[in-house]
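J.: So I've got this file, data05.txt, and it contains compact mmCIF, C-alpha atoms (C1' of nucleotides):
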```txt
# COMPACT_ATOMS: atom_id res chain seq x y z
CA MET A 7 121.21 74.86 130.20
CA ASP A 8 121.22 72.95 126.93
CA ILE A 9 121.97 75.37 124.14
CA ARG A 10 119.49 73.47 121.96
CA SER A 11 116.66 74.52 124.24
CA THR A 12 116.98 78.00 122.76
CA LEU A 13 115.74 76.43 119.51
CA LYS A 14 112.70 74.81 121.10
CA LEU A 15 109.53 75.92 119.39
CA ASP A 16 107.78 76.85 122.62
CA ASN A 17 110.66 79.15 123.56
CA GLN A 18 110.33 81.19 120.38
CA LEU A 19 108.52 84.48 120.77
CA CYS A 20 108.40 84.68 116.99
CA PHE A 21 106.39 81.46 116.80
CA ALA A 22 103.97 82.54 119.53
CA VAL A 23 103.27 85.79 117.68
CA TYR A 24 103.08 84.06 114.30
CA ALA A 25 100.71 81.33 115.44
CA CYS A 26 98.62 83.69 117.53
CA SER A 27 98.19 86.06 114.63
CA ARG A 28 96.83 83.35 112.37
CA GLU A 29 94.47 81.97 115.03
CA ILE A 30 93.09 85.42 115.77
CA THR A 31 92.54 86.01 112.07
CA LYS A 32 90.53 82.81 111.87
CA LEU A 33 88.40 84.08 114.76
CA TYR A 34 87.44 87.14 112.71
CA GLN A 35 86.50 85.18 109.61
CA PRO A 36 82.85 84.34 110.37
CA LEU A 37 82.12 87.93 111.45
CA LEU A 38 83.87 89.45 108.45
CA ARG A 39 82.17 87.08 106.06
CA GLU A 40 78.91 88.87 106.92
CA LEU A 41 80.49 92.11 105.72
CA GLY A 42 81.95 90.45 102.65
CA LEU A 43 85.49 91.33 103.71
CA THR A 44 88.69 89.36 104.22
CA TYR A 45 90.82 90.12 107.25
CA THR A 46 93.34 92.27 105.39
CA GLN A 47 90.54 94.12 103.65
CA TYR A 48 88.98 94.76 107.09
CA ILE A 49 92.23 96.15 108.49
CA THR A 50 92.47 98.39 105.44
CA MET A 51 88.93 99.65 105.96
CA LEU A 52 89.74 100.36 109.64
CA ALA A 53 92.58 102.59 108.51
CA LEU A 54 90.37 104.37 105.97
CA TRP A 55 87.51 104.90 108.42
CA GLU A 56 90.03 106.70 110.62
CA GLU A 57 91.66 108.67 107.85
CA ASP A 58 90.04 109.08 104.45
CA HIS A 59 91.58 110.41 101.21
CA VAL A 60 95.09 109.06 101.73
CA SER A 61 97.73 107.88 99.30
CA VAL A 62 98.64 104.23 98.81
CA LYS A 63 102.04 105.02 100.30
CA HIS A 64 100.50 106.53 103.43
CA LEU A 65 98.16 103.58 103.80
CA GLY A 66 101.08 101.24 103.38
CA GLN A 67 103.04 102.94 106.14
CA ARG A 68 100.05 102.73 108.45
CA LEU A 69 99.44 99.03 107.74
CA TYR A 70 103.07 97.95 107.24
CA LEU A 71 102.15 96.72 103.78
CA ASP A 72 103.76 97.57 100.44
CA SER A 73 102.23 98.31 97.06
CA GLY A 74 102.72 94.72 95.99
CA THR A 75 100.14 93.69 98.55
CA LEU A 76 97.99 96.81 98.56
CA THR A 77 97.49 97.39 94.85
CA PRO A 78 95.56 94.18 94.17
CA LEU A 79 93.74 94.45 97.51
CA LEU A 80 92.64 98.03 96.80
CA LYS A 81 91.50 97.06 93.31
CA LYS A 82 89.32 94.44 94.96
CA LEU A 83 87.84 97.00 97.38
CA GLU A 84 87.26 99.29 94.42
CA HIS A 85 85.45 96.50 92.63
CA LEU A 86 83.31 96.01 95.75
CA GLN A 87 82.50 99.73 95.39
CA LEU A 88 83.76 100.52 98.89
CA ILE A 89 86.55 102.86 97.75
CA THR A 90 87.74 104.87 94.77
CA ARG A 91 91.30 105.07 93.42
CA GLU A 92 92.35 108.29 91.73
CA ARG A 93 95.67 109.77 90.71
CA ASP A 94 96.62 112.76 92.82
CA LYS A 95 96.19 115.89 90.67
CA GLN A 96 99.09 117.58 92.50
CA ASP A 97 101.42 114.60 92.11
CA GLU A 98 100.52 112.13 89.43
CA ARG A 99 102.80 109.51 90.96
CA SER A 100 100.45 109.11 93.92
CA VAL A 101 97.09 107.37 93.97
CA ILE A 102 94.54 108.70 96.44
CA ILE A 103 92.19 106.24 98.10
CA ALA A 104 88.78 107.56 99.16
CA LEU A 105 85.75 105.86 100.70
CA THR A 106 82.54 105.69 98.71
CA GLU A 107 79.20 106.26 100.41
CA GLN A 108 78.90 102.48 100.70
CA GLY A 109 82.36 102.34 102.20
CA VAL A 110 81.47 104.92 104.82
CA GLN A 111 78.22 103.17 105.68
CA LEU A 112 79.87 99.78 106.07
CA GLN A 113 81.42 101.05 109.30
CA GLU A 114 78.03 100.89 111.00
CA ARG A 115 77.88 97.16 110.40
CA ALA A 116 81.43 96.72 111.74
CA LEU A 117 80.92 98.59 115.00
CA ASN A 118 79.96 95.51 117.02
CA ILE A 119 82.84 93.34 115.85
CA PRO A 120 85.37 94.27 118.58
CA GLU A 121 82.78 93.65 121.28
CA LYS A 122 81.86 90.25 119.84
CA LEU A 123 85.50 89.21 119.65
CA PHE A 124 86.17 90.41 123.17
CA CYS A 125 83.30 88.34 124.53
CA GLN A 126 84.45 85.25 122.64
CA VAL A 127 88.03 85.32 123.87
CA GLY A 128 87.14 86.19 127.45
CA VAL A 129 90.40 87.79 128.49
CA PRO A 130 90.23 90.90 130.70
CA THR A 131 90.57 94.25 128.93
CA ARG A 132 93.50 95.19 131.12
CA GLN A 133 95.43 92.13 129.99
CA LEU A 134 94.61 92.71 126.31
CA ASP A 135 95.73 96.33 126.59
CA ALA A 136 98.96 95.32 128.31
CA LEU A 137 99.66 92.78 125.59
CA ARG A 138 98.99 95.30 122.85
CA THR A 139 101.25 97.84 124.51
CA GLN A 140 104.10 95.35 124.75
CA LEU A 141 103.71 94.28 121.14
CA THR A 142 103.76 97.90 120.08
CA GLU A 143 106.96 98.40 122.03
CA ILE A 144 108.56 95.46 120.25
CA MET A 145 107.35 96.89 116.94
CA ASN A 146 108.99 100.21 117.69
CA LYS A 147 112.26 98.55 118.64
CA VAL A 148 112.22 96.49 115.47
CA GLN A 149 111.48 99.57 113.37
CA LEU A 150 114.68 101.17 114.63
CA ILE A 151 116.87 98.29 113.49
CA PRO A 152 118.71 99.36 110.34
CA GLN A 153 117.80 97.13 107.42
CA ASN A 154 120.22 95.79 104.81
CA PRO A 155 119.84 98.56 102.15
CA MET B 3 83.66 107.18 124.95
CA ASP B 4 83.07 107.31 121.22
CA ILE B 5 82.01 103.88 120.09
CA ARG B 6 84.02 104.40 116.92
CA SER B 7 87.22 104.48 118.95
CA THR B 8 86.81 100.72 119.39
CA LEU B 9 87.45 100.46 115.65
CA LYS B 10 90.64 102.53 115.77
CA LEU B 11 93.55 100.60 114.33
CA ASP B 12 95.82 101.28 117.29
CA ASN B 13 93.22 99.84 119.65
CA GLN B 14 93.13 96.50 117.86
CA LEU B 15 95.11 93.74 119.50
CA CYS B 16 94.64 91.74 116.32
CA PHE B 17 96.46 94.37 114.28
CA ALA B 18 99.31 94.64 116.78
CA VAL B 19 99.85 90.88 116.64
CA TYR B 20 99.43 90.75 112.87
CA ALA B 21 101.84 93.61 112.15
CA CYS B 22 104.35 92.46 114.78
CA SER B 23 104.40 88.97 113.36
CA ARG B 24 105.28 90.20 109.89
CA GLU B 25 107.97 92.58 111.14
CA ILE B 26 109.60 89.87 113.23
CA THR B 27 109.57 87.55 110.24
CA LYS B 28 111.40 90.16 108.21
CA LEU B 29 114.00 90.37 110.96
CA TYR B 30 114.75 86.67 110.53
CA GLN B 31 115.10 86.86 106.76
CA PRO B 32 118.79 87.80 106.46
CA LEU B 33 119.83 85.15 109.00
CA LEU B 34 117.69 82.44 107.42
CA ARG B 35 118.90 83.29 103.95
CA GLU B 36 122.32 82.02 105.04
CA LEU B 37 120.70 78.67 105.83
CA GLY B 38 118.70 78.69 102.61
CA LEU B 39 115.41 78.58 104.51
CA THR B 40 112.25 80.67 104.49
CA TYR B 41 110.67 81.57 107.81
CA THR B 42 107.98 78.88 107.64
CA GLN B 43 110.55 76.31 106.60
CA TYR B 44 112.64 77.35 109.62
CA ILE B 45 109.71 76.94 112.00
CA THR B 46 109.08 73.52 110.50
CA MET B 47 112.71 72.53 111.00
CA LEU B 48 112.53 73.71 114.63
CA ALA B 49 109.63 71.33 115.18
CA LEU B 50 111.50 68.46 113.52
CA TRP B 51 114.72 69.06 115.45
CA GLU B 52 112.66 68.65 118.59
CA GLU B 53 110.69 65.66 117.42
CA ASP B 54 111.77 63.60 114.43
CA HIS B 55 109.78 60.94 112.52
CA VAL B 56 106.36 62.51 112.88
CA SER B 57 103.32 62.48 110.63
CA VAL B 58 102.23 65.46 108.57
CA LYS B 59 99.13 65.64 110.75
CA HIS B 60 101.18 65.76 113.94
CA LEU B 61 103.45 68.42 112.48
CA GLY B 62 100.39 70.40 111.43
CA GLN B 63 98.95 70.31 114.93
CA ARG B 64 102.25 71.48 116.36
CA LEU B 65 102.61 74.35 113.88
CA TYR B 66 98.91 75.20 113.50
CA LEU B 67 99.21 74.57 109.76
CA ASP B 68 97.13 72.28 107.55
CA SER B 69 98.15 69.93 104.77
CA GLY B 70 97.35 72.58 102.18
CA THR B 71 100.26 74.61 103.49
CA LEU B 72 102.51 71.79 104.67
CA THR B 73 102.44 69.48 101.67
CA PRO B 74 104.11 71.87 99.23
CA LEU B 75 106.43 73.18 101.96
CA LEU B 76 107.57 69.66 102.90
CA LYS B 77 108.08 68.79 99.27
CA LYS B 78 110.39 71.78 99.07
CA LEU B 79 112.34 70.65 102.15
CA GLU B 80 112.54 67.19 100.63
CA HIS B 81 113.92 68.70 97.44
CA LEU B 82 116.50 70.54 99.57
CA GLN B 83 117.40 67.07 100.93
CA LEU B 84 116.74 68.13 104.52
CA ILE B 85 113.90 65.65 105.11
CA THR B 86 112.35 62.49 103.70
CA ARG B 87 108.65 61.81 103.20
CA GLU B 88 107.47 58.22 103.46
CA ARG B 89 104.09 56.58 103.83
CA ASP B 90 103.60 55.03 107.24
CA LYS B 91 103.79 51.24 106.86
CA GLN B 92 101.29 50.80 109.71
CA ASP B 93 98.81 53.30 108.25
CA GLU B 94 99.19 54.12 104.61
CA ARG B 95 97.08 57.23 105.01
CA SER B 96 99.85 58.93 106.98
CA VAL B 97 103.11 60.32 105.70
CA ILE B 98 106.06 60.23 108.06
CA ILE B 99 108.54 63.09 107.94
CA ALA B 100 112.12 62.32 108.94
CA LEU B 101 115.27 64.42 108.98
CA THR B 102 118.12 63.47 106.69
CA GLU B 103 121.71 63.66 107.89
CA GLN B 104 121.91 67.10 106.28
CA GLY B 105 118.71 68.08 108.03
CA VAL B 106 120.12 67.06 111.40
CA GLN B 107 123.38 68.87 110.78
CA LEU B 108 121.67 72.09 109.74
CA GLN B 109 120.70 72.60 113.38
CA GLU B 110 124.32 73.41 114.23
CA ARG B 111 124.21 76.39 111.89
CA ALA B 112 120.91 77.56 113.39
CA LEU B 113 122.01 77.49 117.01
CA ASN B 114 123.14 81.12 117.11
CA ILE B 115 120.02 82.58 115.51
CA PRO B 116 118.00 83.17 118.71
CA GLU B 117 120.96 84.93 120.33
CA LYS B 118 121.50 87.17 117.30
CA LEU B 119 117.83 88.13 117.19
CA PHE B 120 117.79 88.79 120.91
CA CYS B 121 120.74 91.17 120.63
CA GLN B 122 119.18 92.99 117.69
CA VAL B 123 115.85 93.65 119.36
CA GLY B 124 117.34 94.60 122.71
CA VAL B 125 114.34 93.82 124.89
CA PRO B 126 114.99 92.17 128.27
CA THR B 127 114.50 88.40 128.41
CA ARG B 128 112.00 88.77 131.22
CA GLN B 129 109.80 90.96 129.08
CA LEU B 130 110.04 88.65 126.06
CA ASP B 131 109.13 85.67 128.23
CA ALA B 132 106.18 87.52 129.73
CA LEU B 133 104.95 88.44 126.28
CA ARG B 134 105.28 84.89 125.03
CA THR B 135 103.43 83.56 128.04
CA GLN B 136 100.55 85.97 127.49
CA LEU B 137 100.32 85.15 123.80
CA THR B 138 100.26 81.47 124.64
CA GLU B 139 97.44 82.11 127.08
CA ILE B 140 95.44 83.89 124.37
CA MET B 141 96.17 81.01 122.01
CA ASN B 142 94.82 78.50 124.52
CA LYS B 143 91.68 80.56 125.05
CA VAL B 144 91.13 80.84 121.32
CA GLN B 145 91.64 77.10 120.88
CA LEU B 146 88.75 76.44 123.24
CA ILE B 147 86.28 78.49 121.23
CA PRO B 148 84.02 76.11 119.33
CA GLN B 149 84.37 76.59 115.60
CA ASN B 150 81.54 76.58 113.08
CA PRO B 151 81.63 72.86 112.09
C1' DA C 29 115.86 124.50 81.32
C1' DC C 30 118.36 120.01 81.59
C1' DC C 31 119.10 115.41 83.17
C1' DG C 32 120.37 112.04 86.48
C1' DA C 33 118.52 110.58 90.98
C1' DT C 34 114.50 109.76 93.54
C1' DT C 35 109.80 108.57 94.42
C1' DC C 36 105.40 106.14 93.87
C1' DA C 37 102.44 102.67 92.11
C1' DA C 38 102.13 98.72 89.44
C1' DT C 39 103.86 94.35 87.99
C1' DT C 40 106.23 89.87 88.34
C1' DG C 41 107.57 85.80 90.65
C1' DC C 42 107.66 82.99 94.57
C1' DA C 43 106.08 81.23 99.07
C1' DT C 44 102.72 80.90 102.07
C1' DG C 45 97.81 80.19 104.43
C1' DC C 46 93.53 78.19 104.28
C1' DA C 47 88.72 76.69 102.80
C1' DA C 48 86.83 73.24 100.14
C1' DT C 49 87.20 69.18 97.57
C1' DT C 50 89.28 64.79 96.14
C1' DT C 51 91.64 60.37 96.67
C1' DA C 52 93.27 56.58 99.20
C1' DT C 53 93.00 54.08 103.35
C1' DT C 54 91.20 52.60 107.67
C1' DT C 55 87.62 52.11 111.03
C1' DG C 56 83.61 50.35 112.96
C1' DA C 57 78.67 49.39 113.36
C1' DG C 58 75.67 45.81 112.10
C1' DC D 8 82.64 40.24 106.68
C1' DT D 9 80.81 44.50 104.49
C1' DC D 10 80.10 49.00 103.44
C1' DA D 11 79.19 53.60 105.00
C1' DA D 12 81.63 56.89 107.88
C1' DA D 13 85.82 58.73 109.26
C1' DT D 14 90.60 59.97 108.58
C1' DA D 15 95.02 61.68 106.31
C1' DA D 16 97.27 63.76 102.68
C1' DA D 17 97.02 65.89 98.40
C1' DT D 18 94.93 69.08 95.27
C1' DT D 19 92.51 73.27 93.80
C1' DG D 20 91.39 78.01 94.02
C1' DC D 21 91.79 82.35 96.05
C1' DA D 22 93.96 85.98 98.84
C1' DT D 23 97.71 87.59 100.75
C1' DG D 24 102.90 89.16 101.69
C1' DC D 25 107.03 90.67 99.93
C1' DA D 26 111.50 91.09 97.18
C1' DA D 27 112.79 92.74 92.93
C1' DT D 28 111.89 95.12 88.80
C1' DT D 29 109.49 98.37 85.78
C1' DG D 30 107.41 102.67 84.24
C1' DA D 31 105.79 107.18 84.95
C1' DA D 32 106.34 111.48 87.32
C1' DT D 33 108.86 114.65 90.18
C1' DC D 34 112.90 116.62 92.29
C1' DG D 35 117.14 118.93 92.51
C1' DG D 36 121.72 120.24 91.48
C1' DT D 37 124.00 122.68 87.95
```
Is it possible to give me this structure as structure tokens?
T.:
Amino acid sequence: MDIRSTLKLDNQLCFAVYACSREITKLYQPLLRELGLTYTQYITMLALWEEDHVSVKHLGQRLYLDSGTLTPLLKKLEHLQLITRERDKQDERSVIIALTEQGVQLQERALNIPEKLFCQVGVPTRQLDALRTQLTEIMNKVQLIPQNP
Amino acid sequence: MDIRSTLKLDNQLCFAVYACSREITKLYQPLLRELGLTYTQYITMLALWEEDHVSVKHLGQRLYLDSGTLTPLLKKLEHLQLITRERDKQDERSVIIALTEQGVQLQERALNIPEKLFCQVGVPTRQLDALRTQLTEIMNKVQLIPQNP
DNA sequence: ACCGATTCAATTGCATGCAATTTATTTGAG
DNA sequence: CTCAAATAAATTGCATGCAATTGAATCGGT
């Protein structure tokens, strides 16, 4: 087999994941626009609806995002009055993120989003679950790889 | 089942794809740094190594990127002397991207990247191929969904 | 208690992504 | 042929992502 075929775009898992991620994000846009959220803001709200009153660090570990991305994003959500940001009294280094009443209530308007997406894409649940499981497995493998530092 | 469980982060295929994409990109970073390329620049070079002398529009369709992203990125690759950008003589609206000699030769130094990544992640080829196939299927389904305009 | 190492969030700088608009060029209906 | 519509790239503006650095607070060994 030609060694160059290993560099073909359609043979790259990385490209399939990368392109798929962006296309899926675009699919969410019109639904999220109704909530006044961007995709990353939506993902952040998902995490907070599951677990409220968490530190920026904890949120970052959950979302695989660092403070460089989260700090401005959380300031935006604060400005939208969906969350509050307060220094942890026990450890002033940490900032605790908490949902406001508006933030809690927004979940009601988000409840039908997964169903709408599912209907649009039209792929069986079993297949979606299998895909998600495999991606999670890859994630876990990648996590174990020692990084440079 | 609790309807709210459909909003759980770990149940979202979108989040799995989104997070996995970013983690995989990070895995490429140290290898691409040796070539002096960013991840998106690398993906663009992959497309050009397969098919040279293509328009920005064609490249965009291949990579699922628009001119807003590609124009500055291609200018950067031009500055790195890996490609040239020239107006199409037959249709002055188009810009034709072509590899320079340096751009062609860079492929040699990229040939071992897929193998290195494969060894790092340690997931069987069969599984990676299956994953890629499923992602491609989702991509195709998503492509068929009529967009707002 | 002290102080160097560590931790956490914020900041800075750079590179995407993409919607929306603009500019230049081409197309095509009449 | 002519001009409005369509097309391609570039530009603008905004929102990420993330590496690297900074600043404030805490930890921990002595």
J.: Could you do a least-squares fit of chain A on chain B over every C-alpha atom, in sequence order, and give the output as a compact mmCIF listing (two decimals) with C-alpha atoms, in the frame of the given file?
T.:
```
# COMPACT_ATOMS: atom_id res chain seq x y z
CA MET A 7 83.68 107.24 124.97
CA ASP A 8 83.07 107.33 121.23
CA ILE A 9 81.99 103.89 120.12
CA ARG A 10 84.02 104.40 116.93
CA SER A 11 87.21 104.47 118.96
CA THR A 12 86.81 100.72 119.41
CA LEU A 13 87.46 100.47 115.66
CA LYS A 14 90.64 102.53 115.77
CA LEU A 15 93.54 100.61 114.33
CA ASP A 16 95.82 101.28 117.29
CA ASN A 17 93.22 99.84 119.66
CA GLN A 18 93.13 96.51 117.86
CA LEU A 19 95.11 93.75 119.50
CA CYS A 20 94.64 91.74 116.32
CA PHE A 21 96.46 94.38 114.29
CA ALA A 22 99.32 94.66 116.78
CA VAL A 23 99.85 90.89 116.65
CA TYR A 24 99.44 90.76 112.87
CA ALA A 25 101.85 93.60 112.16
CA CYS A 26 104.33 92.47 114.77
CA SER A 27 104.40 88.97 113.35
CA ARG A 28 105.27 90.20 109.88
CA GLU A 29 107.96 92.59 111.14
CA ILE A 30 109.58 89.88 113.22
CA THR A 31 109.57 87.55 110.24
CA LYS A 32 111.39 90.17 108.20
CA LEU A 33 114.00 90.37 110.97
CA TYR A 34 114.75 86.66 110.53
CA GLN A 35 115.11 86.84 106.77
CA PRO A 36 118.79 87.79 106.44
CA LEU A 37 119.83 85.14 108.99
CA LEU A 38 117.69 82.44 107.42
CA ARG A 39 118.90 83.28 103.95
CA GLU A 40 122.32 82.00 105.04
CA LEU A 41 120.71 78.65 105.82
CA GLY A 42 118.72 78.68 102.60
CA LEU A 43 115.43 78.57 104.50
CA THR A 44 112.27 80.67 104.49
CA TYR A 45 110.67 81.55 107.80
CA THR A 46 107.98 78.88 107.63
CA GLN A 47 110.55 76.31 106.59
CA TYR A 48 112.65 77.34 109.62
CA ILE A 49 109.72 76.94 112.00
CA THR A 50 109.10 73.52 110.50
CA MET A 51 112.72 72.52 111.00
CA LEU A 52 112.53 73.71 114.64
CA ALA A 53 109.64 71.33 115.19
CA LEU A 54 111.50 68.46 113.51
CA TRP A 55 114.73 69.06 115.43
CA GLU A 56 112.66 68.65 118.59
CA GLU A 57 110.69 65.66 117.41
CA ASP A 58 111.78 63.59 114.43
CA HIS A 59 109.80 60.92 112.52
CA VAL A 60 106.36 62.50 112.87
CA SER A 61 103.33 62.46 110.62
CA VAL A 62 102.20 65.46 108.58
CA LYS A 63 99.12 65.63 110.78
CA HIS A 64 101.19 65.75 113.96
CA LEU A 65 103.44 68.42 112.49
CA GLY A 66 100.39 70.38 111.46
CA GLN A 67 98.96 70.31 114.96
CA ARG A 68 102.27 71.49 116.38
CA LEU A 69 102.61 74.35 113.88
CA TYR A 70 98.90 75.20 113.50
CA LEU A 71 99.22 74.57 109.78
CA ASP A 72 97.14 72.28 107.57
CA SER A 73 98.15 69.94 104.78
CA GLY A 74 97.35 72.58 102.20
CA THR A 75 100.25 74.61 103.50
CA LEU A 76 102.50 71.80 104.68
CA THR A 77 102.44 69.48 101.68
CA PRO A 78 104.10 71.88 99.24
CA LEU A 79 106.44 73.18 101.96
CA LEU A 80 107.56 69.66 102.91
CA LYS A 81 108.09 68.78 99.26
CA LYS A 82 110.40 71.78 99.07
CA LEU A 83 112.34 70.65 102.16
CA GLU A 84 112.54 67.19 100.62
CA HIS A 85 113.93 68.69 97.45
CA LEU A 86 116.51 70.54 99.56
CA GLN A 87 117.41 67.08 100.92
CA LEU A 88 116.75 68.13 104.52
CA ILE A 89 113.91 65.65 105.10
CA THR A 90 112.35 62.50 103.70
CA ARG A 91 108.63 61.82 103.19
CA GLU A 92 107.46 58.23 103.46
CA ARG A 93 104.09 56.58 103.82
CA ASP A 94 103.60 55.02 107.23
CA LYS A 95 103.82 51.23 106.82
CA GLN A 96 101.31 50.75 109.67
CA ASP A 97 98.83 53.26 108.26
CA GLU A 98 99.20 54.09 104.62
CA ARG A 99 97.08 57.22 105.03
CA SER A 100 99.85 58.90 107.01
CA VAL A 101 103.10 60.31 105.69
CA ILE A 102 106.06 60.23 108.06
CA ILE A 103 108.54 63.09 107.93
CA ALA A 104 112.12 62.31 108.94
CA LEU A 105 115.29 64.42 108.97
CA THR A 106 118.13 63.47 106.67
CA GLU A 107 121.72 63.66 107.88
CA GLN A 108 121.91 67.09 106.26
CA GLY A 109 118.72 68.08 108.03
CA VAL A 110 120.12 67.05 111.39
CA GLN A 111 123.39 68.87 110.77
CA LEU A 112 121.69 72.09 109.73
CA GLN A 113 120.72 72.60 113.37
CA GLU A 114 124.32 73.43 114.22
CA ARG A 115 124.22 76.39 111.88
CA ALA A 116 120.91 77.57 113.38
CA LEU A 117 122.01 77.49 117.01
CA ASN A 118 123.15 81.12 117.11
CA ILE A 119 120.03 82.57 115.51
CA PRO A 120 118.00 83.18 118.71
CA GLU A 121 120.96 84.92 120.32
CA LYS A 122 121.50 87.16 117.30
CA LEU A 123 117.84 88.13 117.20
CA PHE A 124 117.78 88.80 120.92
CA CYS A 125 120.74 91.15 120.64
CA GLN A 126 119.18 92.99 117.70
CA VAL A 127 115.85 93.67 119.35
CA GLY A 128 117.32 94.60 122.72
CA VAL A 129 114.33 93.84 124.90
CA PRO A 130 114.98 92.18 128.28
CA THR A 131 114.50 88.41 128.43
CA ARG A 132 111.99 88.77 131.23
CA GLN A 133 109.78 90.98 129.08
CA LEU A 134 110.04 88.66 126.06
CA ASP A 135 109.12 85.67 128.23
CA ALA A 136 106.17 87.52 129.73
CA LEU A 137 104.95 88.45 126.27
CA ARG A 138 105.28 84.90 125.02
CA THR A 139 103.41 83.57 128.04
CA GLN A 140 100.54 85.98 127.49
CA LEU A 141 100.31 85.16 123.80
CA THR A 142 100.24 81.48 124.64
CA GLU A 143 97.41 82.12 127.07
CA ILE A 144 95.43 83.89 124.37
CA MET A 145 96.16 80.99 122.02
CA ASN A 146 94.80 78.52 124.53
CA LYS A 147 91.65 80.57 125.06
CA VAL A 148 91.11 80.83 121.32
CA GLN A 149 91.64 77.09 120.89
CA LEU A 150 88.74 76.44 123.25
CA ILE A 151 86.28 78.49 121.22
CA PRO A 152 84.02 76.11 119.31
CA GLN A 153 84.36 76.61 115.58
CA ASN A 154 81.51 76.62 113.06
CA PRO A 155 81.58 72.90 112.05
```
J.: Compile a residue-level contact table for chain B against chain A at a cut-off of 7 Å, reporting for every qualifying residue the shortest atom pair and its distance in Å to one decimal, with only C-alpha atoms counted, rows ordered by chain and ascending number, as a Markdown table.
T.:
```
| residue | atom | partner | partner_atom | distance |
| --- | --- | --- | --- | --- |
| B:Arg6 | CA | A:Leu117 | CA | 6.9 |
| B:Thr8 | CA | A:Pro120 | CA | 6.7 |
| B:Leu9 | CA | A:Leu52 | CA | 6.4 |
| B:Lys10 | CA | A:Leu52 | CA | 6.6 |
| B:Leu11 | CA | A:Leu52 | CA | 6.0 |
| B:Leu15 | CA | A:Arg138 | CA | 5.4 |
| B:Cys16 | CA | A:Ile30 | CA | 6.5 |
| B:Ala18 | CA | A:Arg138 | CA | 6.1 |
| B:Val19 | CA | A:Ser27 | CA | 5.5 |
| B:Tyr20 | CA | A:Ser27 | CA | 5.2 |
| B:Ala21 | CA | A:Tyr70 | CA | 6.7 |
| B:Cys22 | CA | A:Met145 | CA | 5.8 |
| B:Ser23 | CA | A:Tyr24 | CA | 5.2 |
| B:Ile26 | CA | A:Cys20 | CA | 6.5 |
| B:Leu48 | CA | A:Leu15 | CA | 6.0 |
| B:Ala49 | CA | A:Leu15 | CA | 6.2 |
| B:Glu52 | CA | A:Lys14 | CA | 6.7 |
| B:Tyr66 | CA | A:Ala25 | CA | 6.7 |
| B:Leu113 | CA | A:Leu13 | CA | 6.8 |
| B:Pro116 | CA | A:Thr12 | CA | 6.6 |
| B:Val123 | CA | A:Val148 | CA | 6.0 |
| B:Leu130 | CA | A:Leu19 | CA | 6.9 |
| B:Leu133 | CA | A:Leu137 | CA | 6.9 |
| B:Arg134 | CA | A:Leu19 | CA | 5.4 |
| B:Leu137 | CA | A:Ala22 | CA | 6.2 |
| B:Thr138 | CA | A:Ala22 | CA | 6.4 |
| B:Met141 | CA | A:Cys26 | CA | 5.8 |
| B:Lys143 | CA | A:Val127 | CA | 6.1 |
| B:Val144 | CA | A:Val127 | CA | 6.0 |
```
J.: Please report the interatomic distance between atom CA of A:Arg91 and atom CA of A:Ala104 in Å with one decimal.
T.: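 We find that atom CA of A:Arg91 and atom CA of A:Ala104 lie 6.7 Å from each other.
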J.: Select all residues from chain A having any atom no more than 7 Å from an atom of chain C (counting only C-alpha atoms (C1' of nucleotides), ignoring ligands), output as a count of residues only.
T.: 3
J.: Taking into account all atoms listed in the file, which residue in the set B:Val58, B:Val106, B:Ile99, B:Leu82 is nearest to chain D?
T.: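 When distances to chain D are compared using all atoms listed in the file, the smallest one comes from B:Val58.
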J.: Up to 12 Å from chain D, what residues of chain A turn up? Count all atoms listed in the file and give them as a PyMOL selection string.
T.: chain A and resi 43-47+70-79+82+93-100
J.: Atom CA of A:Gly66 and atom CA of A:Glu107 are how many Å apart?
T.: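 Separation between atom CA of A:Gly66 and atom CA of A:Glu107: 22.6 Å.
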J.: What does the structure give for the distance between atom CA of B:Leu37 and atom CA of B:Leu84, in Å to one decimal?
T.: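 That distance, rounded to one decimal, is 11.3 Å.
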J.: Just want the 6 Å neighbourhood of A:Ser61, counted on all atoms listed in the file, with same-chain residues fewer than 3 positions away dropped. Output as a list of chain:residue names.
T.: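 Skipping anything fewer than 3 positions along the chain leaves A:His64, A:Val101, A:Ile102, A:Ile103.
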J.: Taking the partial coordinates given, rebuild stretch 7-11 of chain B to contain N, CA, C and O atoms; return it as a tab-separated table (two decimals), keeping the file's coordinate frame.
T.:
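And here's selection39.tsv as it stands now:
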```tsv
chain	number	residue	atom	x	y	z
B	7	SER	N	85.83	104.64	118.52
B	7	SER	CA	87.22	104.48	118.95
B	7	SER	C	87.56	102.99	119.11
B	7	SER	O	88.72	102.60	119.05
B	8	THR	N	86.53	102.15	119.28
B	8	THR	CA	86.81	100.72	119.39
B	8	THR	C	87.25	100.15	118.04
B	8	THR	O	87.77	99.05	117.97
B	9	LEU	N	87.02	100.91	116.97
B	9	LEU	CA	87.45	100.46	115.65
B	9	LEU	C	88.78	101.10	115.23
B	9	LEU	O	89.26	100.86	114.13
B	10	LYS	N	89.35	101.92	116.11
B	10	LYS	CA	90.64	102.53	115.77
B	10	LYS	C	91.71	101.46	115.65
B	10	LYS	O	91.80	100.55	116.48
B	11	LEU	N	92.52	101.59	114.63
B	11	LEU	CA	93.55	100.60	114.33
B	11	LEU	C	94.46	100.35	115.53
B	11	LEU	O	94.78	99.21	115.86
```
